[in-house]
Amino acid sequence: MRKLIAAGLAVSAMMLSPASAADLTVKAKPVPVYDWTGFYAGVNVGYGWADRDLSFAPNDDATRLWSLFDGIPPPASFKTSGALGGLQFGYNRQLDKGWLVGLEADFNWSGIKGSGISSGVMPPVPIPGPYSAPFDERIDWFGTVRARLGYLPTSTLLTYVTGGLAYGQVTRSGRYINNSTVGFTGNGLPDNTGFTCASGATCFSGMSRGVTAGWTLGGGFEYALGERVTLKAEYLYVSLVGKKITETALAVFIPGETPASISANAGHATFNTARVGINYHF
């Protein structure tokens with residue numbers, strides 16, 4: 001019996017060649033390495049927000065004299081916020097040791113806007129009563145052109161910092177309202193800039209709208225879902241040059257002369273954005 005078992009084992013060993021043993025080995029599939037080099041395009045949606053500061057200043061002798069009686073609105077602050085969305089396109093160049101450089105441009109429609117108000121009360125002499133100065137700001141649209149420097153912790157995950165040029169259209173408007181029960185008159189001094197304002201009326205009004213430039217800085221990460229599609233999440237801080245508003249007197253008691261005016265200034269139009277997006281890589 002023992003000889004029979006030994007003979008069977010010997011036959012089995014002869015039948016099991018090295019090639020046959022290799023065929024029984026389960027081979028692991030190689031992990032694909034994602035290549036980030038190339039052009040891409042995509043869409044994004046997000047949200048923007050900011051805290052704004054507002055100040056006022058007289059522009060002529062009449063309003064400078066008026067400011068001595070607390071007629072110029074004091075500084076104020078307000079918030080802006082809103083949704084945004086747009087398109088982006090760019091190019092990546094993957095380097096050795098997990099680094100990446102690239103260039104990206106985007107254009108975004110914006111609903112970022114906000115309103116603030118400054119107010120005060122003039123003393124009984126010479127002009128009694130309260131007043132208010134509402135102010136509005138809106139980012140109509142904006143775009144950026146940015147360099148990107150990225151690092152790849154894994155072949156499918158990109159982390160990056162980014163910064164460069166920003167541009168956009170900013171709309172600002174402001175008014176000065178007499179909330180008193182009586183009207184008042186601003187003195188006409190040597191520059192002939194006198195003005196009048198009835199009770200409950202808008203005394204001064206102004207608006208600015210224009211395309212301005214600035215800068216942006218931020219960062220984010222991007223994850224490859226497959227060979228062509230990636231998801232991204234990104235934060236950007238944007239600063240655009242903001243034009244001050246000249247609020248001009250609507251009623252002038254010296255016809256034909258330059259009307260009195262007040263400057264309303266909110267400084268640079270700065271805001272934060274948080275966005276998510278999807279890219280297709282060509």
# chains A, B, ... in the order shown; residues from 1 in each chain; ligands from 1
call {"tool": "select_by_dssp", "arguments": {"residues": "range 24-252 of chain A", "states": "helix (DSSP H, G or I)", "output": "PyMOL selection string"}}
result
chain A and resi 61-67+96-98
call {"tool": "residues_around", "arguments": {"residues": "Val170 in chain A", "least_positions_apart": "2", "cutoff": "6 Å", "atoms": "only C-alpha atoms", "output": "PDB file with N, CA and C atoms, in the first residue's frame"}}
result
ATOM      1  N   ARG A 138     -22.243  95.745  -6.428  1.00  0.00           N
ATOM      2  CA  ARG A 138     -22.500  94.479  -7.101  1.00  0.00           C
ATOM      3  C   ARG A 138     -21.306  94.111  -7.981  1.00  0.00           C
ATOM      4  N   ILE A 139     -20.887  92.843  -7.907  1.00  0.00           N
ATOM      5  CA  ILE A 139     -19.902  92.295  -8.837  1.00  0.00           C
ATOM      6  C   ILE A 139     -20.706  91.642  -9.963  1.00  0.00           C
ATOM      7  N   ARG A 209     -19.942 102.418 -12.833  1.00  0.00           N
ATOM      8  CA  ARG A 209     -19.923 101.056 -13.381  1.00  0.00           C
ATOM      9  C   ARG A 209     -18.768 100.976 -14.356  1.00  0.00           C
ATOM     10  N   GLY A 210     -17.920  99.975 -14.183  1.00  0.00           N
ATOM     11  CA  GLY A 210     -16.787  99.848 -15.087  1.00  0.00           C
ATOM     12  C   GLY A 210     -16.031  98.552 -14.871  1.00  0.00           C
TER      13      GLY A 210
END
call {"tool": "select_by_dssp", "arguments": {"residues": "range 98-281 of chain A", "states": "strand (DSSP E)", "output": "PyMOL selection string"}}
result
chain A and resi 99-122+129-154+157-178+184-186+195-197+202-224+229-240+245-249+261-265+269-281
call {"tool": "write_last_selection", "arguments": {"atoms": "C-alpha atoms", "output": "tab-separated table (two decimals), in the first residue's frame"}}
result
chain	number	residue	atom	x	y	z
A	99	TRP	CA	5.00	67.96	-9.23
A	100	LEU	CA	2.86	69.81	-11.75
A	101	VAL	CA	2.77	73.30	-13.28
A	102	GLY	CA	-0.08	74.77	-15.26
A	103	LEU	CA	-2.03	77.79	-16.47
A	104	GLU	CA	-5.78	78.28	-16.04
A	105	ALA	CA	-8.27	80.95	-17.12
A	106	ASP	CA	-11.92	81.27	-16.10
A	107	PHE	CA	-14.93	83.51	-16.62
A	108	ASN	CA	-17.75	83.72	-14.07
A	109	TRP	CA	-21.21	85.22	-13.90
A	110	SER	CA	-21.74	86.71	-10.44
A	111	GLY	CA	-24.61	87.45	-8.11
A	112	ILE	CA	-22.33	88.85	-5.38
A	113	LYS	CA	-23.97	92.02	-4.08
A	114	GLY	CA	-24.78	93.90	-0.91
A	115	SER	CA	-26.16	97.10	0.57
A	116	GLY	CA	-25.15	99.30	3.47
A	117	ILE	CA	-26.37	102.50	5.01
A	118	SER	CA	-24.80	105.34	6.96
A	119	SER	CA	-26.93	107.78	8.91
A	120	GLY	CA	-26.74	110.71	11.26
A	121	VAL	CA	-28.59	113.65	12.81
A	122	MET	CA	-27.64	117.26	12.25
A	129	GLY	CA	-33.07	116.62	11.44
A	130	PRO	CA	-31.85	113.12	10.52
A	131	TYR	CA	-30.45	111.92	7.22
A	132	SER	CA	-29.41	108.58	5.69
A	133	ALA	CA	-26.95	107.54	2.98
A	134	PRO	CA	-27.65	104.10	1.43
A	135	PHE	CA	-24.95	102.44	-0.69
A	136	ASP	CA	-25.05	99.43	-3.04
A	137	GLU	CA	-22.29	97.31	-4.58
A	138	ARG	CA	-22.50	94.48	-7.10
A	139	ILE	CA	-19.90	92.30	-8.84
A	140	ASP	CA	-21.60	91.77	-12.22
A	141	TRP	CA	-19.00	89.31	-13.55
A	142	PHE	CA	-15.32	88.50	-13.11
A	143	GLY	CA	-12.55	86.39	-14.58
A	144	THR	CA	-9.03	85.27	-13.74
A	145	VAL	CA	-5.85	84.15	-15.51
A	146	ARG	CA	-3.72	82.17	-13.05
A	147	ALA	CA	-0.60	80.05	-12.79
A	148	ARG	CA	-0.90	76.77	-10.86
A	149	LEU	CA	1.75	74.86	-8.92
A	150	GLY	CA	0.61	71.41	-7.86
A	151	TYR	CA	1.77	68.38	-5.91
A	152	LEU	CA	0.48	64.82	-6.40
A	153	PRO	CA	0.24	62.82	-3.14
A	154	THR	CA	-1.11	60.00	-5.33
A	157	LEU	CA	-5.08	63.40	-6.42
A	158	LEU	CA	-3.72	66.86	-7.20
A	159	THR	CA	-3.28	69.59	-4.58
A	160	TYR	CA	-2.26	73.06	-5.75
A	161	VAL	CA	-1.79	76.75	-5.05
A	162	THR	CA	-2.75	79.32	-7.67
A	163	GLY	CA	-2.55	83.06	-8.30
A	164	GLY	CA	-2.45	85.74	-10.97
A	165	LEU	CA	-4.53	88.39	-12.73
A	166	ALA	CA	-8.19	89.13	-11.95
A	167	TYR	CA	-10.62	91.42	-13.76
A	168	GLY	CA	-14.32	92.16	-13.56
A	169	GLN	CA	-17.18	94.63	-13.75
A	170	VAL	CA	-18.16	96.42	-10.53
A	171	THR	CA	-21.33	98.51	-10.16
A	172	ARG	CA	-21.73	100.92	-7.25
A	173	SER	CA	-24.43	103.45	-6.43
A	174	GLY	CA	-25.19	105.77	-3.54
A	175	ARG	CA	-27.69	108.38	-2.35
A	176	TYR	CA	-28.09	110.96	0.40
A	177	ILE	CA	-31.65	111.31	1.72
A	178	ASN	CA	-33.06	114.13	3.85
A	184	PHE	CA	-32.34	122.76	3.92
A	185	THR	CA	-29.93	124.80	1.83
A	186	GLY	CA	-26.17	124.41	1.39
A	195	PHE	CA	-27.58	123.29	-3.22
A	196	THR	CA	-31.06	122.84	-1.77
A	197	CYS	CA	-32.90	119.73	-0.58
A	202	THR	CA	-32.87	112.60	-2.24
A	203	CYS	CA	-30.31	115.39	-1.96
A	204	PHE	CA	-27.31	113.70	-3.66
A	205	SER	CA	-27.08	110.74	-6.00
A	206	GLY	CA	-24.32	108.98	-7.96
A	207	MET	CA	-23.33	105.75	-9.68
A	208	SER	CA	-20.23	104.11	-11.16
A	209	ARG	CA	-19.92	101.06	-13.38
A	210	GLY	CA	-16.79	99.85	-15.09
A	211	VAL	CA	-14.38	97.03	-15.80
A	212	THR	CA	-11.38	97.03	-13.49
A	213	ALA	CA	-8.35	94.78	-12.93
A	214	GLY	CA	-6.70	93.35	-9.83
A	215	TRP	CA	-5.21	90.14	-8.50
A	216	THR	CA	-6.24	86.79	-7.05
A	217	LEU	CA	-4.67	84.10	-4.86
A	218	GLY	CA	-5.94	80.74	-3.63
A	219	GLY	CA	-5.66	76.98	-3.71
A	220	GLY	CA	-7.55	73.73	-4.03
A	221	PHE	CA	-7.47	70.08	-4.97
A	222	GLU	CA	-8.55	67.99	-7.95
A	223	TYR	CA	-9.37	64.27	-8.09
A	224	ALA	CA	-9.38	62.02	-11.16
A	229	VAL	CA	-12.86	63.40	-15.95
A	230	THR	CA	-11.72	65.16	-12.76
A	231	LEU	CA	-13.57	66.86	-9.91
A	232	LYS	CA	-12.19	70.03	-8.28
A	233	ALA	CA	-12.78	72.18	-5.18
A	234	GLU	CA	-11.16	75.60	-4.94
A	235	TYR	CA	-10.91	78.77	-2.84
A	236	LEU	CA	-9.93	82.15	-4.34
A	237	TYR	CA	-9.48	85.58	-2.81
A	238	VAL	CA	-10.11	88.30	-5.42
A	239	SER	CA	-9.24	91.99	-5.20
A	240	LEU	CA	-10.46	94.40	-7.89
A	245	ILE	CA	-18.71	107.38	-6.38
A	246	THR	CA	-19.29	111.09	-6.78
A	247	GLU	CA	-22.77	111.80	-5.41
A	248	THR	CA	-23.90	115.05	-7.00
A	249	ALA	CA	-26.49	117.49	-5.64
A	261	SER	CA	-20.97	116.77	-4.44
A	262	ILE	CA	-19.89	114.16	-1.89
A	263	SER	CA	-17.50	111.24	-2.48
A	264	ALA	CA	-18.55	107.78	-1.32
A	265	ASN	CA	-15.63	105.33	-1.27
A	269	ALA	CA	-13.86	95.42	-4.40
A	270	THR	CA	-12.47	92.40	-2.55
A	271	PHE	CA	-14.33	89.11	-2.08
A	272	ASN	CA	-13.85	85.43	-1.26
A	273	THR	CA	-15.05	82.57	-3.45
A	274	ALA	CA	-15.52	78.86	-2.78
A	275	ARG	CA	-16.18	76.76	-5.90
A	276	VAL	CA	-16.60	73.17	-7.03
A	277	GLY	CA	-16.27	72.08	-10.64
A	278	ILE	CA	-15.76	69.31	-13.13
A	279	ASN	CA	-13.11	69.15	-15.87
A	280	TYR	CA	-12.75	67.09	-19.03
A	281	HIS	CA	-9.15	66.36	-20.06
call {"tool": "residues_around", "arguments": {"residues": "Trp66 in chain A", "least_positions_apart": "6", "cutoff": "9 Å", "atoms": "only C-alpha atoms", "output": "list of chain:residue names"}}
result
A:Pro58, A:Ile72, A:Gly186, A:Asn187
call {"tool": "atom_distance", "arguments": {"atom1": "CA of Thr181 in chain A", "atom2": "CA of Ala198 in chain A"}}
result
8.7 Å
call {"tool": "decode", "arguments": {"residues": "range 66-78 of chain A", "atoms": "all heavy atoms", "output": "compact mmCIF listing (two decimals), in the first residue's frame"}}
result
# COMPACT_ATOMS: atom_id res chain seq x y z
N TRP A 66 -20.66 122.42 5.26
CA TRP A 66 -21.79 121.63 5.74
C TRP A 66 -21.31 120.50 6.65
O TRP A 66 -21.97 120.14 7.62
CB TRP A 66 -22.52 121.09 4.51
CG TRP A 66 -23.84 120.46 4.76
CD1 TRP A 66 -24.79 120.85 5.66
CD2 TRP A 66 -24.37 119.34 4.08
NE1 TRP A 66 -25.88 120.03 5.59
CE2 TRP A 66 -25.64 119.09 4.62
CE3 TRP A 66 -23.90 118.52 3.07
CZ2 TRP A 66 -26.46 118.05 4.18
CZ3 TRP A 66 -24.71 117.49 2.62
CH2 TRP A 66 -25.96 117.25 3.18
N SER A 67 -20.13 119.95 6.36
CA SER A 67 -19.60 118.84 7.16
C SER A 67 -19.27 119.27 8.58
O SER A 67 -19.21 118.44 9.49
CB SER A 67 -18.36 118.24 6.49
OG SER A 67 -17.28 119.16 6.52
N LEU A 68 -19.04 120.58 8.80
CA LEU A 68 -18.75 121.06 10.15
C LEU A 68 -19.95 120.89 11.07
O LEU A 68 -19.81 120.88 12.29
CB LEU A 68 -18.35 122.54 10.10
CG LEU A 68 -17.07 122.86 9.31
CD1 LEU A 68 -16.83 124.36 9.27
CD2 LEU A 68 -15.87 122.14 9.91
N PHE A 69 -21.14 120.75 10.49
CA PHE A 69 -22.37 120.58 11.27
C PHE A 69 -22.88 119.13 11.17
O PHE A 69 -24.08 118.88 11.24
CB PHE A 69 -23.45 121.56 10.78
CG PHE A 69 -23.03 122.99 10.89
CD1 PHE A 69 -22.51 123.65 9.79
CD2 PHE A 69 -23.13 123.67 12.09
CE1 PHE A 69 -22.13 124.98 9.88
CE2 PHE A 69 -22.74 124.99 12.18
CZ PHE A 69 -22.23 125.66 11.07
N ASP A 70 -21.93 118.17 11.01
CA ASP A 70 -22.27 116.75 10.95
C ASP A 70 -23.15 116.40 9.76
O ASP A 70 -23.94 115.45 9.80
CB ASP A 70 -22.96 116.30 12.25
CG ASP A 70 -22.06 116.46 13.45
OD1 ASP A 70 -20.84 116.26 13.30
OD2 ASP A 70 -22.57 116.78 14.54
N GLY A 71 -23.01 117.17 8.67
CA GLY A 71 -23.83 116.88 7.50
C GLY A 71 -23.26 115.79 6.61
O GLY A 71 -23.97 115.27 5.75
N ILE A 72 -21.97 115.42 6.79
CA ILE A 72 -21.37 114.36 5.99
C ILE A 72 -21.55 113.03 6.72
O ILE A 72 -21.25 112.92 7.91
CB ILE A 72 -19.87 114.64 5.75
CG1 ILE A 72 -19.71 115.95 5.00
CG2 ILE A 72 -19.23 113.50 4.97
CD1 ILE A 72 -20.37 115.98 3.64
N PRO A 73 -22.03 111.98 6.05
CA PRO A 73 -22.29 110.70 6.72
C PRO A 73 -21.03 110.12 7.35
O PRO A 73 -19.93 110.23 6.78
CB PRO A 73 -22.81 109.81 5.60
CG PRO A 73 -23.32 110.75 4.56
CD PRO A 73 -22.44 111.95 4.64
N PRO A 74 -21.14 109.49 8.50
CA PRO A 74 -19.99 108.83 9.13
C PRO A 74 -19.66 107.52 8.42
O PRO A 74 -20.46 107.00 7.63
CB PRO A 74 -20.48 108.57 10.56
CG PRO A 74 -21.97 108.44 10.41
CD PRO A 74 -22.36 109.40 9.32
N PRO A 75 -18.47 106.95 8.67
CA PRO A 75 -18.12 105.65 8.06
C PRO A 75 -19.12 104.56 8.44
O PRO A 75 -19.76 104.62 9.49
CB PRO A 75 -16.73 105.37 8.64
CG PRO A 75 -16.19 106.70 9.02
CD PRO A 75 -17.38 107.51 9.48
N ALA A 76 -19.22 103.57 7.57
CA ALA A 76 -20.14 102.45 7.81
C ALA A 76 -19.53 101.18 7.23
O ALA A 76 -18.52 101.22 6.53
CB ALA A 76 -21.50 102.74 7.17
N SER A 77 -20.14 100.05 7.52
CA SER A 77 -19.70 98.77 6.97
C SER A 77 -20.92 97.96 6.54
O SER A 77 -22.04 98.20 7.01
CB SER A 77 -18.88 97.98 8.00
OG SER A 77 -19.66 97.70 9.14
N PHE A 78 -20.71 97.04 5.61
CA PHE A 78 -21.80 96.18 5.15
C PHE A 78 -21.20 94.91 4.56
O PHE A 78 -19.99 94.78 4.40
CB PHE A 78 -22.67 96.91 4.11
CG PHE A 78 -21.96 97.29 2.85
CD1 PHE A 78 -22.06 96.52 1.70
CD2 PHE A 78 -21.20 98.46 2.78
CE1 PHE A 78 -21.41 96.88 0.54
CE2 PHE A 78 -20.55 98.82 1.62
CZ PHE A 78 -20.65 98.04 0.49
